[in-house]
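Structure file target-v3.cif (mmCIF, C-alpha atoms) follows.
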data_entry
loop_
_atom_site.label_atom_id
_atom_site.label_comp_id
_atom_site.auth_asym_id
_atom_site.auth_seq_id
_atom_site.Cartn_x
_atom_site.Cartn_y
_atom_site.Cartn_z
CA MET A 15 43.16 -24.92 -7.12
CA PHE A 16 41.32 -24.90 -3.77
CA LYS A 17 37.78 -25.99 -3.03
CA GLU A 18 35.48 -22.98 -2.76
CA SER A 19 34.66 -23.94 0.86
CA VAL A 20 38.37 -23.74 1.74
CA VAL A 21 38.65 -20.37 -0.04
CA MET A 22 35.73 -19.02 2.02
CA LYS A 23 37.38 -20.21 5.24
CA ILE A 24 40.54 -18.33 4.19
CA HIS A 25 38.38 -15.31 3.28
CA TYR A 26 36.71 -15.23 6.70
CA SER A 27 39.85 -15.92 8.74
CA THR A 28 41.78 -13.17 6.90
CA ALA A 29 38.83 -10.84 7.56
CA LEU A 30 38.87 -11.49 11.31
CA GLY A 31 42.65 -11.22 11.45
CA SER A 32 42.58 -7.93 9.53
CA VAL A 33 39.95 -6.38 11.83
CA ALA A 34 42.03 -7.19 14.92
CA LEU A 35 45.37 -6.03 13.48
CA VAL A 36 44.02 -2.87 11.80
CA ALA A 37 42.50 -1.88 15.16
CA ILE A 38 46.01 -2.01 16.69
CA HIS A 39 47.43 -0.11 13.67
CA ILE A 40 44.85 2.69 14.14
CA MET A 41 45.45 2.80 17.90
CA PHE A 42 49.14 3.46 17.14
CA ARG A 43 48.06 6.62 15.28
CA LEU A 44 46.12 7.73 18.35
CA THR A 45 48.95 7.28 20.88
CA GLN A 46 49.74 10.92 20.14
CA ASN A 47 48.24 13.81 18.19
CA PHE A 48 47.04 12.37 14.81
CA HIS A 49 48.97 14.91 12.72
CA ASP A 50 52.17 14.46 14.77
CA SER A 51 51.97 10.68 14.47
CA LEU A 52 52.31 11.04 10.69
CA GLN A 53 55.50 13.11 10.83
CA PHE A 54 58.52 11.54 9.10
CA ASP A 55 60.59 10.93 12.24
CA ASN A 56 57.67 9.44 14.17
CA VAL A 57 56.82 7.08 11.32
CA LEU A 58 60.48 5.98 11.12
CA ILE A 59 60.43 5.25 14.86
CA ASN A 60 57.28 3.14 14.33
CA TYR A 61 58.99 1.14 11.58
CA SER A 62 62.09 0.60 13.74
CA ILE A 63 59.98 -1.38 16.25
CA LEU A 64 60.25 -4.99 15.05
CA SER A 65 56.85 -6.07 16.40
CA TYR A 66 55.18 -3.13 14.63
CA SER A 67 56.88 -3.99 11.33
CA ILE A 68 55.65 -7.58 11.70
CA LEU A 69 52.17 -6.20 12.40
CA LEU A 70 52.29 -4.07 9.21
CA GLU A 71 53.52 -7.02 7.14
CA SER A 72 50.72 -9.22 8.54
CA ILE A 73 48.11 -6.55 7.74
CA LEU A 74 49.52 -6.25 4.21
CA ILE A 75 49.29 -10.00 3.59
CA LEU A 76 45.87 -10.49 5.24
CA ILE A 77 44.16 -7.54 3.54
CA SER A 78 45.71 -8.35 0.15
CA ILE A 79 44.43 -11.94 0.31
CA HIS A 80 40.99 -10.85 1.58
CA GLY A 81 40.69 -7.88 -0.80
CA PHE A 82 41.67 -9.62 -4.01
CA ASN A 83 39.63 -12.73 -3.16
CA GLY A 84 36.67 -10.42 -2.53
CA LEU A 85 37.24 -8.78 -5.90
CA ARG A 86 37.42 -12.25 -7.49
CA ILE A 87 34.08 -13.19 -5.90
CA ILE A 88 32.45 -9.96 -7.15
CA LEU A 89 33.77 -10.46 -10.69
CA LEU A 90 32.60 -14.09 -10.72
CA GLU A 91 29.12 -13.00 -9.67
CA LEU A 92 28.95 -10.73 -12.71
CA ASN A 93 29.93 -13.29 -15.30
CA GLN A 94 30.84 -16.96 -15.58
CA GLY A 95 32.69 -19.22 -17.99
CA LYS A 96 35.83 -21.32 -17.83
CA ILE A 97 38.17 -18.86 -19.57
CA TYR A 98 36.69 -15.84 -17.78
CA GLU A 99 36.94 -17.55 -14.38
CA ASN A 100 40.58 -18.51 -15.00
CA ILE A 101 41.49 -14.98 -16.12
CA VAL A 102 39.79 -13.48 -13.02
CA THR A 103 41.31 -16.01 -10.58
CA TYR A 104 44.87 -15.81 -11.89
CA GLY A 105 44.62 -12.04 -12.48
CA CYS A 106 43.58 -11.47 -8.86
CA LEU A 107 46.29 -13.84 -7.62
CA ALA A 108 48.97 -12.03 -9.66
CA SER A 109 47.75 -8.59 -8.49
CA MET A 110 47.81 -9.81 -4.90
CA ILE A 111 51.42 -11.03 -5.23
CA VAL A 112 52.52 -7.74 -6.86
CA LEU A 113 50.90 -5.66 -4.09
CA ILE A 114 52.38 -7.80 -1.30
CA THR A 115 55.83 -7.60 -2.91
CA TYR A 116 55.60 -3.81 -3.35
CA GLY A 117 54.37 -3.23 0.21
CA SER A 118 56.90 -5.64 1.72
CA ARG A 119 59.69 -3.72 -0.03
CA THR A 120 58.63 -0.52 1.79
CA ILE A 121 58.30 -2.27 5.16
CA LEU A 122 61.61 -4.18 4.88
CA MET A 123 63.72 -1.29 3.58
CA THR A 124 62.30 1.21 6.10
CA SER A 125 62.57 -1.10 9.10
CA MET A 126 66.18 -1.95 8.15
CA GLY A 127 67.04 1.76 7.88
CA MET A 128 67.77 1.62 4.13
CA ILE A 129 66.50 5.17 3.46
CA MET B 30 22.21 -26.14 -23.57
CA ASN B 31 24.87 -23.73 -22.42
CA LYS B 32 26.37 -24.80 -19.08
CA PHE B 33 26.42 -21.20 -17.83
CA GLN B 34 23.40 -18.89 -17.89
CA LYS B 35 24.07 -15.46 -19.39
CA ASN B 36 23.92 -12.53 -16.96
CA ARG B 37 21.60 -10.52 -19.23
CA SER B 38 20.99 -7.47 -17.07
CA GLY B 39 24.70 -7.27 -16.21
CA ILE B 40 26.36 -4.57 -14.17
CA LYS B 41 23.39 -2.18 -14.45
CA SER B 42 21.12 -4.30 -12.25
CA TRP B 43 24.06 -5.17 -9.97
CA LEU B 44 24.47 -1.45 -9.31
CA ASN B 45 20.77 -0.96 -8.51
CA PRO B 46 20.14 -1.83 -4.82
CA TRP B 47 16.43 -0.90 -4.72
CA GLY B 48 13.28 -3.02 -4.71
CA TYR B 49 14.30 -6.02 -2.58
CA GLY B 50 14.53 -4.67 0.97
CA ILE B 51 17.38 -3.82 3.31
CA GLU B 52 19.18 -7.15 2.69
CA ARG B 53 19.69 -6.22 -0.98
CA ILE B 54 20.99 -2.79 0.09
CA ALA B 55 23.39 -4.50 2.54
CA TYR B 56 24.57 -6.85 -0.25
CA TRP B 57 25.19 -3.84 -2.50
CA LEU B 58 26.89 -1.79 0.25
CA MET B 59 29.12 -4.77 1.15
CA ARG B 60 30.43 -4.95 -2.42
CA ILE B 61 30.71 -1.19 -2.95
CA THR B 62 32.57 -0.71 0.36
CA GLY B 63 34.77 -3.74 -0.43
CA ILE B 64 35.84 -2.30 -3.77
CA GLY B 65 36.29 1.15 -2.20
CA LEU B 66 38.47 -0.26 0.59
CA LEU B 67 40.60 -2.25 -1.86
CA ILE B 68 41.20 0.91 -3.95
CA TYR B 69 42.07 2.85 -0.77
CA PHE B 70 44.41 0.04 0.37
CA ILE B 71 46.32 0.07 -2.95
CA ILE B 72 46.63 3.89 -2.80
CA HIS B 73 47.70 3.67 0.87
CA ILE B 74 50.48 1.17 0.03
CA TYR B 75 51.63 3.48 -2.78
CA GLU B 76 51.53 6.68 -0.68
CA THR B 77 53.42 5.14 2.25
CA SER B 78 56.14 3.93 -0.14
CA SER B 79 57.12 7.61 -0.54
CA ILE B 80 58.95 7.23 2.78
CA LEU B 81 61.73 5.45 0.85
CA ASP B 82 62.43 8.68 -1.07
CA GLY B 83 63.26 10.61 2.09
CA LYS B 84 61.76 13.33 4.27
CA ALA B 85 61.02 15.80 1.44
CA ALA B 86 59.00 13.24 -0.54
CA TRP B 87 57.13 12.14 2.61
CA ASN B 88 56.25 15.74 3.52
CA LYS B 89 55.11 16.41 -0.05
CA MET B 90 52.82 13.39 0.17
CA LEU B 91 51.48 14.62 3.55
CA GLU B 92 50.73 18.02 1.98
CA LEU B 93 48.55 16.19 -0.54
CA THR B 94 46.72 13.94 1.91
CA GLN B 95 46.49 16.07 5.07
CA THR B 96 43.99 18.48 3.55
CA THR B 97 40.25 18.97 4.07
CA GLU B 98 39.56 16.81 0.99
CA GLY B 99 42.01 14.19 2.27
CA HIS B 100 40.28 14.14 5.65
CA ILE B 101 36.86 13.78 4.03
CA ILE B 102 38.14 10.81 1.98
CA LEU B 103 39.58 9.29 5.18
CA MET B 104 36.21 9.82 6.91
CA ILE B 105 34.47 7.92 4.11
CA VAL B 106 37.10 5.14 4.41
CA ILE B 107 36.41 4.93 8.18
CA GLY B 108 32.68 4.61 7.49
CA MET B 109 33.22 2.01 4.76
CA SER B 110 35.55 -0.11 6.88
CA THR B 111 33.22 -0.02 9.92
CA PHE B 112 30.19 -1.07 7.88
CA HIS B 113 32.18 -3.73 5.98
CA ALA B 114 33.55 -5.23 9.21
CA ILE B 115 30.25 -5.34 11.14
CA ASN B 116 28.17 -6.55 8.19
CA GLY B 117 30.92 -9.07 7.38
CA ILE B 118 30.68 -10.55 10.88
CA ARG B 119 26.87 -10.78 10.45
CA ILE B 120 27.36 -12.67 7.17
CA MET B 121 29.95 -14.99 8.74
CA LEU B 122 27.57 -15.82 11.60
CA GLY B 123 24.78 -16.39 9.08
CA HIS B 124 26.93 -18.78 7.04
CA GLY B 125 27.63 -20.63 10.27
CA GLY B 126 23.88 -20.99 10.86
CA ILE B 127 23.76 -18.46 13.70
CA GLY B 128 20.83 -16.02 13.73
CA VAL B 129 19.10 -17.40 10.64
CA GLY B 130 16.30 -19.24 12.49
CA LYS B 131 15.12 -22.83 12.28
CA PRO B 132 13.99 -24.25 8.94
CA GLY B 133 10.21 -24.33 8.61
CA ARG B 134 7.39 -25.11 6.19
CA PRO B 135 7.07 -22.33 3.57
CA ASP B 136 3.70 -20.72 4.27
CA TYR B 137 2.11 -17.61 2.79
CA PRO B 138 3.47 -14.84 2.50
CA TYR B 139 6.63 -16.97 2.00
CA LEU B 140 9.04 -14.74 3.87
CA PRO B 141 12.44 -16.44 4.20
CA LYS B 142 13.17 -17.31 7.84
CA SER B 143 16.78 -16.24 7.34
CA GLN B 144 15.70 -12.67 6.57
CA ASN B 145 14.43 -12.09 10.09
CA MET B 146 14.31 -9.03 12.32
CA LYS B 147 17.66 -9.90 13.99
CA ASN B 148 19.47 -9.65 10.65
CA LYS B 149 17.65 -6.47 9.65
CA LEU B 150 18.54 -4.84 12.99
CA CYS B 151 22.17 -5.89 12.52
CA ILE B 152 22.27 -4.16 9.12
CA TYR B 153 20.76 -0.97 10.54
CA ALA B 154 23.22 -1.14 13.47
CA ALA B 155 26.14 -1.52 11.03
CA ILE B 156 25.00 1.58 9.11
CA GLY B 157 24.49 3.52 12.37
CA LEU B 158 27.86 2.52 13.82
CA ALA B 159 29.59 3.41 10.53
CA ALA B 160 28.07 6.90 10.78
CA LEU B 161 29.24 7.20 14.42
CA ALA B 162 32.77 6.04 13.50
CA MET B 163 32.85 8.66 10.72
CA LEU B 164 31.89 11.37 13.21
CA TYR B 165 34.55 10.18 15.67
CA GLY B 166 37.18 10.17 12.90
CA ALA B 167 36.12 13.66 11.78
CA GLU B 168 36.36 14.93 15.35
CA ILE B 169 39.97 13.66 15.62
CA MET B 170 41.10 14.87 12.18
CA PHE B 171 39.38 18.26 12.08
CA SER B 172 39.94 19.25 15.71
CA GLU B 173 43.71 19.59 15.19
#

Full structure transcribed into structure tokens:
Amino acid sequence: MFKESVVMKIHYSTALGSVALVAIHIMFRLTQNFHDSLQFDNVLINYSILSYSILLESILILISIHGFNGLRIILLELNQGKIYENIVTYGCLASMIVLITYGSRTILMTSMGMI
Amino acid sequence: MNKFQKNRSGIKSWLNPWGYGIERIAYWLMRITGIGLLIYFIIHIYETSSILDGKAAWNKMLELTQTTEGHIILMIVIGMSTFHAINGIRIMLGHGGIGVGKPGRPDYPYLPKSQNMKNKLCIYAAIGLAALAMLYGAEIMFSE
């Protein structure tokens, strides 16, 4: 699919992006009392801010790519073989797509007020 | 001859970080924290989806997660993510040739130049900062 060097560049750039965006995501929890920030109405207000929803969607995509590629690397270190490598690569890719779709559904529906 | 060598010792030796110095422990911690963070991320996506079922479902989920056990799990996640991020940056710099030293003739006792004091200190710093981040997180969560 991709050369392994390209995959590693994607892996590292998603890592750096995730660190920066997750830091902002955590800071949002600390703008007020931690427990209060998790209350239903406060979370809804967070989702209603377009830039914050975009931030959440970006975190979802970046961490999913980084996480499942990391899992793929770990599994390929444990065992090798053409069939095994294909199963691991496509399995991780499919899991990544499912997780992004599921998370995006929550972000989209909540930010559009479909609750 | 088989193109691929069999991984004879398998997952058992993968799970054993001892006997090869701090770099082997960092390698092991990087993978363990990575898997732990991926599991947490999947659970986090699932738990936040309860918001779609309304206020009652969200509050029920909060009752489950905003407990002492939930806070301890979150503390461990904070520690894992701090270590994973700092050690990850060290690895990235190493792959870019930064901090691994100049290549040299292999002389006795054949210590790899890349496994130098700078890298070892970075690993210890990552572990130390992860512990500090856990304490900071605990202070915020348990002081309320």

Worksheet item: If we count all atoms listed in the file, what is near Arg37 of chain B at a cut-off of 10 Å, once residues fewer than 3 positions away on the same chain are taken out, given as an NGL selection string?
Response: (:A and (92-93)) or (:B and (34 or 40-42))

Worksheet entry | Hits of the PyMOL selection byres ((chain B) within 10 of (chain A)) in this structure, as number ranges by chain | B: 32-40, 43, 60-61, 63-64, 66-68, 70-71, 73-75, 77-88, 91, 95, 110-111, 113-115, 117-118, 120-121, 169-170, 172-173

Residues as selected, C-alpha atoms, written as a PDB file, in the coordinates of the input, can you do that?
ATOM      1  CA  LYS B  32      26.370 -24.800 -19.080  1.00  0.00           C
ATOM      2  CA  PHE B  33      26.420 -21.200 -17.830  1.00  0.00           C
ATOM      3  CA  GLN B  34      23.400 -18.890 -17.890  1.00  0.00           C
ATOM      4  CA  LYS B  35      24.070 -15.460 -19.390  1.00  0.00           C
ATOM      5  CA  ASN B  36      23.920 -12.530 -16.960  1.00  0.00           C
ATOM      6  CA  ARG B  37      21.600 -10.520 -19.230  1.00  0.00           C
ATOM      7  CA  SER B  38      20.990  -7.470 -17.070  1.00  0.00           C
ATOM      8  CA  GLY B  39      24.700  -7.270 -16.210  1.00  0.00           C
ATOM      9  CA  ILE B  40      26.360  -4.570 -14.170  1.00  0.00           C
ATOM     10  CA  TRP B  43      24.060  -5.170  -9.970  1.00  0.00           C
ATOM     11  CA  ARG B  60      30.430  -4.950  -2.420  1.00  0.00           C
ATOM     12  CA  ILE B  61      30.710  -1.190  -2.950  1.00  0.00           C
ATOM     13  CA  GLY B  63      34.770  -3.740  -0.430  1.00  0.00           C
ATOM     14  CA  ILE B  64      35.840  -2.300  -3.770  1.00  0.00           C
ATOM     15  CA  LEU B  66      38.470  -0.260   0.590  1.00  0.00           C
ATOM     16  CA  LEU B  67      40.600  -2.250  -1.860  1.00  0.00           C
ATOM     17  CA  ILE B  68      41.200   0.910  -3.950  1.00  0.00           C
ATOM     18  CA  PHE B  70      44.410   0.040   0.370  1.00  0.00           C
ATOM     19  CA  ILE B  71      46.320   0.070  -2.950  1.00  0.00           C
ATOM     20  CA  HIS B  73      47.700   3.670   0.870  1.00  0.00           C
ATOM     21  CA  ILE B  74      50.480   1.170   0.030  1.00  0.00           C
ATOM     22  CA  TYR B  75      51.630   3.480  -2.780  1.00  0.00           C
ATOM     23  CA  THR B  77      53.420   5.140   2.250  1.00  0.00           C
ATOM     24  CA  SER B  78      56.140   3.930  -0.140  1.00  0.00           C
ATOM     25  CA  SER B  79      57.120   7.610  -0.540  1.00  0.00           C
ATOM     26  CA  ILE B  80      58.950   7.230   2.780  1.00  0.00           C
ATOM     27  CA  LEU B  81      61.730   5.450   0.850  1.00  0.00           C
ATOM     28  CA  ASP B  82      62.430   8.680  -1.070  1.00  0.00           C
ATOM     29  CA  GLY B  83      63.260  10.610   2.090  1.00  0.00           C
ATOM     30  CA  LYS B  84      61.760  13.330   4.270  1.00  0.00           C
ATOM     31  CA  ALA B  85      61.020  15.800   1.440  1.00  0.00           C
ATOM     32  CA  ALA B  86      59.000  13.240  -0.540  1.00  0.00           C
ATOM     33  CA  TRP B  87      57.130  12.140   2.610  1.00  0.00           C
ATOM     34  CA  ASN B  88      56.250  15.740   3.520  1.00  0.00           C
ATOM     35  CA  LEU B  91      51.480  14.620   3.550  1.00  0.00           C
ATOM     36  CA  GLN B  95      46.490  16.070   5.070  1.00  0.00           C
ATOM     37  CA  SER B 110      35.550  -0.110   6.880  1.00  0.00           C
ATOM     38  CA  THR B 111      33.220  -0.020   9.920  1.00  0.00           C
ATOM     39  CA  HIS B 113      32.180  -3.730   5.980  1.00  0.00           C
ATOM     40  CA  ALA B 114      33.550  -5.230   9.210  1.00  0.00           C
ATOM     41  CA  ILE B 115      30.250  -5.340  11.140  1.00  0.00           C
ATOM     42  CA  GLY B 117      30.920  -9.070   7.380  1.00  0.00           C
ATOM     43  CA  ILE B 118      30.680 -10.550  10.880  1.00  0.00           C
ATOM     44  CA  ILE B 120      27.360 -12.670   7.170  1.00  0.00           C
ATOM     45  CA  MET B 121      29.950 -14.990   8.740  1.00  0.00           C
ATOM     46  CA  ILE B 169      39.970  13.660  15.620  1.00  0.00           C
ATOM     47  CA  MET B 170      41.100  14.870  12.180  1.00  0.00           C
ATOM     48  CA  SER B 172      39.940  19.250  15.710  1.00  0.00           C
ATOM     49  CA  GLU B 173      43.710  19.590  15.190  1.00  0.00           C
TER      50      GLU B 173
END

Item to complete: Give me, please, the distance in Å between atom CA of Thr97 of chain B and atom CA of His39 of chain A, quoted to one decimal.
Response: 22.5 Å

Practice prompt. Give me, please, the distance in Å between atom CA of Met15 of chain A and atom CA of Glu71 of chain A, quoted to one decimal.
Written response: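 It comes out at 25.1 Å.
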
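Computed from the coordinates, the atom CA of Gln144 of chain B to atom CA of Trp47 of chain B distance equals 16.3 Å.
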
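Proximity to Asn56 of chain A was assessed for A:Ile111, A:Leu122, A:Leu89, A:Phe42 counting all atoms listed in the file; the smallest distance is recorded for A:Phe42.
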
Worksheet item: Neighbours of Phe171 of chain B within 10 Å (only C-alpha atoms; same-chain residues fewer than 6 positions away dropped), as JSON, numbers by chain?
Response: {"B": [96, 97, 100, 101]}
